[in-house]
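Just my_file_35.cif here, mmCIF, C-alpha atoms:
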data_work
loop_
_atom_site.label_atom_id
_atom_site.label_comp_id
_atom_site.auth_asym_id
_atom_site.auth_seq_id
_atom_site.Cartn_x
_atom_site.Cartn_y
_atom_site.Cartn_z
CA MET A 161 -14.87 47.01 -27.93
CA ASN A 162 -14.77 48.26 -31.48
CA GLN A 163 -13.48 45.47 -33.73
CA THR A 164 -12.41 47.88 -36.52
CA ASP A 165 -10.19 49.95 -34.25
CA PRO A 166 -6.65 48.55 -34.76
CA VAL A 167 -5.33 50.07 -31.50
CA ALA A 168 -8.13 48.49 -29.50
CA ASP A 169 -7.52 45.17 -31.29
CA THR A 170 -3.84 45.32 -30.40
CA ASP A 171 -4.70 46.14 -26.78
CA ILE A 172 -6.90 43.10 -26.47
CA THR A 173 -4.35 40.86 -28.12
CA LEU A 174 -1.56 42.29 -25.99
CA THR A 175 -3.57 41.49 -22.87
CA ARG A 176 -4.06 37.94 -24.06
CA LEU A 177 -0.43 37.72 -25.11
CA SER A 178 0.66 38.78 -21.65
CA GLN A 179 -1.60 36.05 -20.22
CA LEU A 180 -0.04 33.51 -22.58
CA VAL A 181 3.48 34.56 -21.58
CA ALA A 182 2.59 34.48 -17.88
CA ALA A 183 1.16 30.96 -18.17
CA TYR A 184 3.17 29.20 -20.88
CA GLY A 185 6.42 31.20 -20.91
CA SER A 186 8.28 32.72 -23.83
CA HIS A 187 8.39 29.74 -26.25
CA THR A 188 5.52 30.10 -28.74
CA LYS A 189 5.55 26.35 -29.44
CA ARG A 190 4.16 25.82 -25.91
CA TRP A 191 1.28 28.25 -26.49
CA PRO A 192 -2.20 26.97 -27.44
CA LEU A 193 -2.12 25.80 -31.06
CA GLU A 194 -5.12 27.88 -32.09
CA GLU A 195 -3.46 31.11 -30.88
CA GLN A 196 0.06 30.56 -32.17
CA VAL A 197 -0.46 32.20 -35.60
CA THR A 198 -2.13 35.35 -34.24
CA ALA A 199 0.47 35.62 -31.51
CA ALA A 200 3.34 35.25 -33.99
CA GLN A 201 1.87 38.06 -36.11
CA LEU A 202 1.56 40.30 -33.09
CA LEU A 203 5.12 39.54 -32.02
CA GLU A 204 6.32 40.48 -35.48
CA ASN A 205 4.49 43.79 -35.49
CA SER A 206 4.64 44.96 -31.90
CA ALA A 207 7.75 45.89 -29.94
CA GLU A 208 5.66 45.88 -26.76
CA ALA A 209 4.64 42.28 -27.42
CA ARG A 210 8.28 41.31 -27.92
CA LEU A 211 9.18 42.98 -24.61
CA LEU A 212 6.46 40.99 -22.85
CA GLN A 213 7.81 37.80 -24.37
CA GLN A 214 11.40 38.70 -23.49
CA ALA A 215 10.50 39.10 -19.82
CA ALA A 216 9.79 35.38 -19.55
CA VAL A 217 12.95 34.14 -21.29
CA SER A 218 15.19 34.05 -18.20
CA LEU A 219 12.80 31.85 -16.18
CA ASP A 220 12.40 29.50 -19.16
CA ASP A 221 16.18 29.25 -19.45
CA LEU A 222 16.44 28.31 -15.78
CA LEU A 223 13.67 25.72 -16.10
CA ASP A 224 15.41 24.24 -19.13
CA ARG A 225 18.54 23.57 -17.07
CA VAL A 226 16.75 20.97 -14.96
CA THR A 227 17.71 17.56 -16.29
CA VAL A 228 16.43 14.11 -15.34
CA THR A 229 18.24 10.82 -14.85
CA PRO A 230 17.23 8.37 -17.60
CA PRO A 231 15.59 5.13 -16.43
CA SER A 232 17.93 2.19 -16.02
CA PRO A 233 17.64 -0.88 -18.30
CA GLN A 234 16.93 -2.87 -15.11
CA LEU A 235 13.72 -0.91 -14.62
CA ARG A 236 12.41 -2.05 -18.01
CA HIS A 237 13.32 -5.63 -17.07
CA ARG A 238 11.59 -5.28 -13.68
CA ILE A 239 8.40 -3.92 -15.26
CA LEU A 240 8.18 -6.74 -17.79
CA ALA A 241 9.01 -9.34 -15.12
CA THR A 242 6.31 -7.99 -12.80
CA VAL A 243 3.70 -8.15 -15.54
CA GLU A 244 4.80 -11.66 -16.49
CA SER A 245 4.53 -12.81 -12.87
CA HIS A 246 1.03 -11.31 -12.61
CA ASN A 247 0.10 -13.26 -15.70
CA GLN A 248 0.90 -16.63 -14.15
CA SER A 249 -2.24 -17.70 -12.37
CA PRO A 250 -2.19 -19.08 -9.77
CA LEU A 251 1.20 -17.81 -8.67
CA ALA A 252 3.69 -20.55 -7.81
CA MET A 253 3.94 -20.95 -4.03
CA GLY A 254 7.71 -20.38 -3.94
CA GLN A 255 7.45 -17.29 -6.14
CA TRP A 256 4.59 -15.92 -4.06
CA LEU A 257 6.57 -16.45 -0.87
CA SER A 258 9.70 -14.85 -2.30
CA GLN A 259 7.70 -11.83 -3.50
CA LEU A 260 6.04 -11.57 -0.10
CA LEU A 261 9.28 -11.80 1.87
CA LEU A 262 11.66 -9.99 -0.46
CA GLY A 263 9.34 -7.59 -2.29
CA THR A 264 9.21 -6.59 -5.94
CA THR A 265 10.27 -2.93 -5.91
CA PHE A 266 13.51 -1.27 -4.90
CA ARG A 267 12.10 0.01 -1.61
CA GLU A 268 10.48 -3.31 -0.82
CA HIS A 269 13.82 -5.05 -1.46
CA ILE A 270 15.14 -3.11 1.53
CA TRP A 271 12.37 -3.14 4.14
CA ARG A 272 10.77 -6.53 3.47
CA PRO A 273 13.94 -8.63 4.06
CA ALA A 274 14.58 -6.47 7.14
CA ILE A 275 11.12 -7.30 8.48
CA THR A 276 11.58 -10.96 7.50
CA LEU A 277 14.70 -11.07 9.65
CA LEU A 278 13.14 -9.04 12.46
CA ILE A 279 10.11 -11.30 12.95
CA PRO A 280 12.05 -14.41 14.16
CA LEU A 281 14.25 -12.14 16.27
CA LEU A 282 11.22 -10.60 17.99
CA LEU A 283 9.58 -14.01 18.38
CA GLY A 284 12.79 -15.30 19.99
CA MET A 285 12.89 -12.35 22.37
CA VAL A 286 9.23 -12.81 23.36
CA MET A 287 9.75 -16.53 23.93
CA GLY A 288 12.95 -15.84 25.88
CA PHE A 289 11.15 -13.40 28.19
CA SER A 290 8.23 -15.78 28.64
CA LEU A 291 10.52 -18.68 29.57
CA ALA A 292 12.47 -16.50 31.99
CA SER A 293 9.30 -15.40 33.73
CA TRP A 294 8.07 -19.01 33.78
CA ALA A 295 11.37 -20.11 35.32
CA ASN A 296 11.00 -17.47 38.05
CA ASN A 297 7.31 -17.95 38.91
CA GLY A 298 5.93 -20.99 37.14
CA ALA A 299 8.67 -23.36 38.24
CA TRP A 300 8.10 -22.44 41.89
CA VAL A 301 4.36 -23.05 41.58
CA ILE A 302 4.97 -26.45 39.99
CA GLU A 303 7.49 -27.28 42.65
CA GLU A 304 4.92 -26.37 45.35
CA GLU A 305 2.25 -28.40 43.61
CA LEU A 306 4.60 -31.37 43.43
CA SER A 307 5.44 -31.12 47.10
CA LEU A 308 1.76 -30.84 47.99
CA LEU A 309 1.12 -33.85 45.81
CA GLY A 310 3.93 -35.63 47.63
CA LEU A 311 2.47 -34.59 51.00
CA GLY A 312 -0.93 -35.79 49.93
CA THR A 313 0.55 -39.08 49.02
CA LEU A 314 2.37 -39.23 52.37
CA GLU A 315 -0.84 -38.44 54.26
CA GLN A 316 -2.61 -41.16 52.32
CA GLN A 317 0.21 -43.51 53.21
CA LEU A 318 -0.15 -42.56 56.87
CA MET B 108 5.15 13.21 -26.00
CA LYS B 109 2.33 13.06 -28.52
CA SER B 110 0.34 9.90 -29.05
CA THR B 111 0.83 8.34 -32.44
CA ALA B 112 -1.70 6.68 -34.72
CA GLY B 113 -0.06 3.35 -33.86
CA ASP B 114 -0.94 3.83 -30.18
CA ASP B 115 -4.56 2.74 -30.75
CA GLU B 116 -3.49 -0.49 -32.41
CA LEU B 117 -0.80 -1.09 -29.80
CA MET B 118 -3.27 -0.64 -26.95
CA GLN B 119 -5.78 -2.94 -28.62
CA ARG B 120 -3.11 -5.64 -28.57
CA VAL B 121 -2.24 -4.85 -24.94
CA GLN B 122 -5.94 -5.14 -24.10
CA GLN B 123 -5.76 -8.67 -25.53
CA GLN B 124 -2.88 -9.35 -23.06
CA ASP B 125 -0.21 -9.38 -25.79
CA GLN B 126 3.06 -9.15 -23.85
CA GLN B 127 5.07 -8.25 -26.95
CA ALA B 128 2.84 -5.23 -27.53
CA PHE B 129 3.18 -4.32 -23.85
CA ALA B 130 6.99 -4.41 -24.15
CA THR B 131 6.75 -2.06 -27.15
CA LEU B 132 4.50 0.26 -25.13
CA VAL B 133 7.04 0.25 -22.28
CA ASP B 134 9.87 1.06 -24.71
CA HIS B 135 7.82 3.91 -26.18
CA TYR B 136 6.75 5.60 -22.95
CA LEU B 137 9.18 4.55 -20.20
CA SER B 138 11.54 7.56 -20.50
CA THR B 139 8.70 10.08 -20.78
CA LEU B 140 6.78 8.76 -17.79
CA HIS B 141 9.93 8.24 -15.72
CA GLY B 142 10.93 11.86 -16.41
CA PHE B 143 7.47 13.01 -15.37
CA ALA B 144 7.51 11.03 -12.10
CA GLN B 145 11.06 12.16 -11.38
CA ARG B 146 10.17 15.82 -11.83
CA MET B 147 7.03 15.42 -9.75
CA LEU B 148 8.84 13.68 -6.88
CA GLY B 149 12.33 15.15 -7.28
CA ASN B 150 13.85 11.68 -6.88
CA PRO B 151 14.75 9.05 -9.55
CA ILE B 152 14.53 6.08 -7.13
CA GLU B 153 10.97 6.86 -6.08
CA ALA B 154 10.19 7.50 -9.75
CA ASP B 155 11.30 3.92 -10.53
CA ASP B 156 8.70 2.51 -8.13
CA ILE B 157 5.95 4.84 -9.34
CA VAL B 158 6.56 4.01 -13.01
CA GLN B 159 6.73 0.26 -12.31
CA GLU B 160 3.39 0.44 -10.50
CA ALA B 161 1.95 2.61 -13.29
CA PHE B 162 2.83 0.10 -16.00
CA LEU B 163 1.42 -2.73 -13.90
CA ARG B 164 -1.86 -0.79 -13.69
CA VAL B 165 -1.77 -0.21 -17.45
CA TRP B 166 -1.48 -3.96 -17.94
CA GLN B 167 -4.21 -4.81 -15.44
CA LYS B 168 -6.63 -2.04 -16.43
CA SER B 169 -5.88 -1.67 -20.12
CA THR B 170 -9.53 -2.20 -21.02
CA GLN B 171 -10.42 1.01 -19.19
CA TRP B 172 -8.71 3.04 -21.93
CA HIS B 173 -10.88 4.13 -24.84
CA PRO B 174 -9.38 6.05 -27.78
CA GLN B 175 -12.49 8.26 -27.95
CA SER B 176 -12.14 9.50 -24.38
CA ALA B 177 -8.43 10.34 -24.13
CA GLN B 178 -5.16 10.16 -26.00
CA LEU B 179 -3.00 7.31 -24.76
CA SER B 180 -0.29 9.71 -23.59
CA THR B 181 -2.86 11.68 -21.55
CA TRP B 182 -4.20 8.49 -19.95
CA LEU B 183 -0.69 7.28 -19.06
CA HIS B 184 0.27 10.64 -17.59
CA ARG B 185 -2.92 10.61 -15.53
CA ILE B 186 -2.05 7.20 -14.06
CA VAL B 187 1.43 8.38 -13.07
CA TYR B 188 0.02 11.67 -11.77
CA ASN B 189 -2.49 9.86 -9.51
CA LEU B 190 0.24 7.59 -8.15
CA CYS B 191 2.45 10.62 -7.43
CA ILE B 192 -0.43 12.30 -5.56
CA ASP B 193 -0.97 9.12 -3.51
CA TYR B 194 2.74 9.12 -2.76
CA TYR B 195 2.62 12.78 -1.60
CA ARG B 196 -0.27 11.97 0.72
CA CYS B 197 1.71 9.13 2.27
CA GLN B 198 4.71 11.40 2.72
CA LYS B 199 2.45 14.18 4.12
CA GLY B 200 3.91 17.08 2.18
CA GLU B 201 7.63 16.54 2.55
CA TYR B 202 9.47 19.15 0.51
CA VAL B 203 13.01 20.19 -0.20
CA ASP B 204 14.17 23.14 1.88
CA ILE B 205 16.15 25.35 -0.47
CA GLU B 206 17.93 27.02 2.48
CA ALA B 207 19.10 23.66 3.81
CA LEU B 208 20.73 22.51 0.58
CA ASP B 209 24.48 22.10 0.69
CA LEU B 210 25.72 24.10 -2.27
CA SER B 211 29.35 24.23 -1.22
CA ASP B 212 31.04 21.29 -2.94
CA ASN B 213 34.57 22.61 -3.40
CA HIS B 214 35.94 19.60 -5.29
CA GLN B 215 34.59 20.56 -8.73
CA PRO B 216 35.63 23.35 -11.11
CA THR B 217 33.82 26.61 -10.26
CA GLU B 218 31.90 26.89 -13.54
CA TYR B 219 30.61 23.30 -13.38
CA ARG B 220 29.72 23.66 -9.73
CA GLN B 221 27.83 26.86 -10.50
CA GLN B 222 25.86 25.06 -13.24
CA GLU B 223 25.01 22.24 -10.82
CA ASP B 224 24.03 24.73 -8.13
CA VAL B 225 21.62 26.41 -10.52
CA GLU B 226 20.00 23.08 -11.37
CA ILE B 227 19.70 22.09 -7.70
CA GLN B 228 18.13 25.42 -6.80
CA VAL B 229 15.64 25.34 -9.65
CA LYS B 230 14.70 21.74 -8.72
CA ALA B 231 14.26 22.76 -5.09
CA ALA B 232 12.20 25.78 -6.10
CA LEU B 233 9.94 23.53 -8.18
CA GLN B 234 9.49 21.22 -5.19
CA GLN B 235 8.42 24.19 -3.06
CA LEU B 236 5.49 24.96 -5.34
CA PRO B 237 2.03 23.70 -4.39
CA GLU B 238 1.51 20.29 -6.01
CA THR B 239 -1.10 21.47 -8.55
CA GLN B 240 1.03 24.40 -9.76
CA ARG B 241 4.09 22.18 -10.05
CA SER B 242 2.12 19.53 -11.95
CA ALA B 243 0.75 22.10 -14.40
CA ILE B 244 4.21 23.52 -15.15
CA ILE B 245 5.79 20.08 -15.50
CA LEU B 246 3.08 18.81 -17.86
CA CYS B 247 3.23 21.82 -20.18
CA HIS B 248 6.89 22.84 -19.95
CA TYR B 249 8.70 19.52 -19.67
CA GLN B 250 6.24 16.89 -20.87
CA GLU B 251 5.17 19.18 -23.72
CA LEU B 252 1.51 18.21 -23.46
CA SER B 253 -0.96 20.59 -25.06
CA ASN B 254 -3.04 22.75 -22.73
CA ARG B 255 -6.09 20.50 -23.25
CA GLU B 256 -4.12 17.32 -22.54
CA ALA B 257 -2.52 18.80 -19.40
CA ALA B 258 -5.92 20.03 -18.19
CA ALA B 259 -7.35 16.54 -18.79
CA VAL B 260 -4.53 14.93 -16.77
CA LEU B 261 -5.24 17.26 -13.85
CA GLY B 262 -9.01 17.03 -14.30
CA ILE B 263 -9.49 20.81 -14.58
CA SER B 264 -10.47 23.36 -17.26
CA VAL B 265 -7.94 25.00 -19.58
CA ALA B 266 -8.61 28.38 -17.91
CA ALA B 267 -7.84 26.87 -14.49
CA LEU B 268 -4.68 25.30 -15.91
CA GLU B 269 -3.49 28.68 -17.25
CA SER B 270 -4.19 30.28 -13.89
CA LEU B 271 -2.21 27.56 -12.08
CA MET B 272 0.73 27.92 -14.44
CA ALA B 273 0.79 31.71 -14.20
CA ARG B 274 0.73 31.56 -10.38
CA GLY B 275 3.35 28.82 -10.38
CA ARG B 276 5.72 30.73 -12.63
CA ARG B 277 5.25 33.89 -10.55
CA THR B 278 6.07 31.99 -7.35
CA LEU B 279 9.07 30.32 -8.98
CA LYS B 280 10.39 33.68 -10.06
CA LYS B 281 10.04 35.04 -6.52
CA ILE B 282 11.79 32.03 -4.97
CA LEU B 283 14.61 32.14 -7.49
CA GLN B 284 15.04 35.90 -7.20
CA VAL B 285 15.87 35.38 -3.52
CA GLN B 286 18.65 33.07 -4.69
CA ALA B 287 19.60 35.39 -7.57
CA ASP B 288 23.20 35.81 -6.40
CA ASN B 289 23.81 32.10 -6.90
CA LEU B 290 22.02 31.89 -10.22
CA LEU B 291 24.73 33.10 -12.60
CA GLY B 292 23.32 36.61 -12.70
CA GLU B 293 19.88 37.93 -12.23
CA LEU B 294 16.45 36.82 -13.36
#
Exercise: express the given structure as structure tokens:
Amino acid sequence: MNQTDPVADTDITLTRLSQLVAAYGSHTKRWPLEEQVTAAQLLENSAEARLLQQAAVSLDDLLDRVTVTPPSPQLRHRILATVESHNQSPLAMGQWLSQLLLGTTFREHIWRPAITLLIPLLLGMVMGFSLASWANNGAWVIEEELSLLGLGTLEQQL
Amino acid sequence: MKSTAGDDELMQRVQQQDQQAFATLVDHYLSTLHGFAQRMLGNPIEADDIVQEAFLRVWQKSTQWHPQSAQLSTWLHRIVYNLCIDYYRCQKGEYVDIEALDLSDNHQPTEYRQQEDVEIQVKAALQQLPETQRSAIILCHYQELSNREAAAVLGISVAALESLMARGRRTLKKILQVQADNLLGEL
């Protein structure tokens, strides 16, 4: 490409400008720092360049409408408390147990206590079923063994 | 957010386990990183957990940061980005279905409701993008990182970053054009 040909120069720059707009949008402050000056000059001198830029404005406007919820002050407190607790070495037994059972994050505060409560419930159910099955089968076996033992004793007596 | 000259000194103190310096670091970067996680995940509650974990890692692995290798803001964004990616993998690609969103809350004034609908639809459209395209757009558009910083966070070249952003913006435009009737006019 001939560098002295102004039309060719503009063509190249327009191509690049269209790439910049496609990638970074219409706001020149988001464009690569090293290309901002050249791009601004082109935008000033070329109606075509301004049209290219204009085509990206509506999408940028829509993107700019997306807001975020600011972090709560409790989050800052939680972060600092977590770091402080990691600093204490070794961790106090009670603190370790409470962190294990209750969790340290919001999600853990929900599922860990639920699991903590579920474990004794499940253990109780398992033990209940085991005892019931023992009562049905085991007790009969013991009873038979006792009677055999009794018979044995009777035979010995005889 | 751009790193400041004071960041180096602040991090040196954090590396020496100075809790006061760490609190200052949290105050400086909490909003920025929380906004980043929230936009990546589309959910402020999950963002809370991600940011808490990120700051814990900063505290535990502060010595891994070197001012010569990356700006502090780039390093922090990379930590949050990696945690968000881990989160996505656990969730196995859950995304917001734009068609399934309830946009018919009749209890608010029409204009306000329309504004909210636009925001919900743009958020949902962002969540429909492939994770790398979404990350590239969020880092450059919302987090205002330079192209080199954003490329460093994603671990790719600047050319690859530009390609991701161009494809992402094109896809966003297509998704939102489908919803154009609800978007206060046309794109």
Computed interatomic separation between atom CA of A:Arg236 and atom CA of B:Val133 (Å)
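It comes out at 7.2 Å.
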Select residues of chain B: the criterion is any atom within 9 Å of an atom of chain A, counting all atoms listed in the file; output as a PyMOL selection string.
chain B and resi 124+126+129-130+133-134+137-138+141-142+145-146+151-156+158-160+162-163+166-167+222+225-227+229-230+244+247-249+251-255+268-277+279-280+283+290+293-294
Can you work out the spacing between atom CA of B:Ile192 and atom CA of B:Pro237 in Å, to one decimal?
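Interatomic distance here is 11.7 Å.
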One decimal, in Å: what's the spacing between atom CA of B:Gln235 and atom CA of B:Tyr188?
17.4 Å
Could you tell me which residues the PyMOL selection byres ((chain A and resi 197-213) around 7) returns for this structure, as a PyMOL selection string?
chain A and resi 174+177-178+181+186+195-196+214-216
Taking the block just given, write stretch 260-277 of chain A to a file that holds N, CA and C atoms, as a PDB file, in the first residue's frame.
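Result saved to out.pdb:
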ATOM      1  N   LEU A 260     -17.043 -25.544  60.928  1.00  0.00           N
ATOM      2  CA  LEU A 260     -17.304 -26.791  60.216  1.00  0.00           C
ATOM      3  C   LEU A 260     -18.799 -27.055  60.115  1.00  0.00           C
ATOM      4  N   LEU A 261     -19.518 -26.826  61.228  1.00  0.00           N
ATOM      5  CA  LEU A 261     -20.941 -27.158  61.263  1.00  0.00           C
ATOM      6  C   LEU A 261     -21.822 -26.070  60.668  1.00  0.00           C
ATOM      7  N   LEU A 262     -21.415 -24.822  60.856  1.00  0.00           N
ATOM      8  CA  LEU A 262     -22.280 -23.725  60.400  1.00  0.00           C
ATOM      9  C   LEU A 262     -21.786 -23.043  59.143  1.00  0.00           C
ATOM     10  N   GLY A 263     -20.533 -23.257  58.767  1.00  0.00           N
ATOM     11  CA  GLY A 263     -20.005 -22.660  57.536  1.00  0.00           C
ATOM     12  C   GLY A 263     -19.538 -21.231  57.743  1.00  0.00           C
ATOM     13  N   THR A 264     -18.912 -20.685  56.695  1.00  0.00           N
ATOM     14  CA  THR A 264     -18.409 -19.310  56.782  1.00  0.00           C
ATOM     15  C   THR A 264     -19.006 -18.404  55.713  1.00  0.00           C
ATOM     16  N   THR A 265     -19.574 -18.989  54.669  1.00  0.00           N
ATOM     17  CA  THR A 265     -20.166 -18.162  53.610  1.00  0.00           C
ATOM     18  C   THR A 265     -21.679 -18.252  53.681  1.00  0.00           C
ATOM     19  N   PHE A 266     -22.333 -17.381  52.902  1.00  0.00           N
ATOM     20  CA  PHE A 266     -23.793 -17.317  52.924  1.00  0.00           C
ATOM     21  C   PHE A 266     -24.419 -18.666  52.571  1.00  0.00           C
ATOM     22  N   ARG A 267     -23.879 -19.290  51.491  1.00  0.00           N
ATOM     23  CA  ARG A 267     -24.441 -20.573  51.070  1.00  0.00           C
ATOM     24  C   ARG A 267     -24.197 -21.650  52.118  1.00  0.00           C
ATOM     25  N   GLU A 268     -22.981 -21.620  52.693  1.00  0.00           N
ATOM     26  CA  GLU A 268     -22.661 -22.620  53.707  1.00  0.00           C
ATOM     27  C   GLU A 268     -23.549 -22.462  54.937  1.00  0.00           C
ATOM     28  N   HIS A 269     -23.932 -21.184  55.239  1.00  0.00           N
ATOM     29  CA  HIS A 269     -24.793 -20.947  56.396  1.00  0.00           C
ATOM     30  C   HIS A 269     -26.147 -21.635  56.217  1.00  0.00           C
ATOM     31  N   ILE A 270     -26.501 -21.946  54.983  1.00  0.00           N
ATOM     32  CA  ILE A 270     -27.779 -22.619  54.739  1.00  0.00           C
ATOM     33  C   ILE A 270     -27.602 -24.136  54.762  1.00  0.00           C
ATOM     34  N   TRP A 271     -26.691 -24.656  53.917  1.00  0.00           N
ATOM     35  CA  TRP A 271     -26.651 -26.122  53.788  1.00  0.00           C
ATOM     36  C   TRP A 271     -25.910 -26.826  54.911  1.00  0.00           C
ATOM     37  N   ARG A 272     -24.923 -26.172  55.532  1.00  0.00           N
ATOM     38  CA  ARG A 272     -24.187 -26.890  56.586  1.00  0.00           C
ATOM     39  C   ARG A 272     -25.051 -27.145  57.826  1.00  0.00           C
ATOM     40  N   PRO A 273     -25.796 -26.120  58.352  1.00  0.00           N
ATOM     41  CA  PRO A 273     -26.673 -26.443  59.489  1.00  0.00           C
ATOM     42  C   PRO A 273     -27.711 -27.492  59.117  1.00  0.00           C
ATOM     43  N   ALA A 274     -28.178 -27.457  57.839  1.00  0.00           N
ATOM     44  CA  ALA A 274     -29.177 -28.454  57.414  1.00  0.00           C
ATOM     45  C   ALA A 274     -28.570 -29.849  57.494  1.00  0.00           C
ATOM     46  N   ILE A 275     -27.332 -29.985  57.034  1.00  0.00           N
ATOM     47  CA  ILE A 275     -26.667 -31.299  57.097  1.00  0.00           C
ATOM     48  C   ILE A 275     -26.398 -31.691  58.547  1.00  0.00           C
ATOM     49  N   THR A 276     -26.008 -30.686  59.356  1.00  0.00           N
ATOM     50  CA  THR A 276     -25.745 -30.949  60.776  1.00  0.00           C
ATOM     51  C   THR A 276     -26.992 -31.525  61.455  1.00  0.00           C
ATOM     52  N   LEU A 277     -28.153 -30.994  61.080  1.00  0.00           N
ATOM     53  CA  LEU A 277     -29.395 -31.505  61.669  1.00  0.00           C
ATOM     54  C   LEU A 277     -29.792 -32.845  61.062  1.00  0.00           C
TER      55      LEU A 277
END
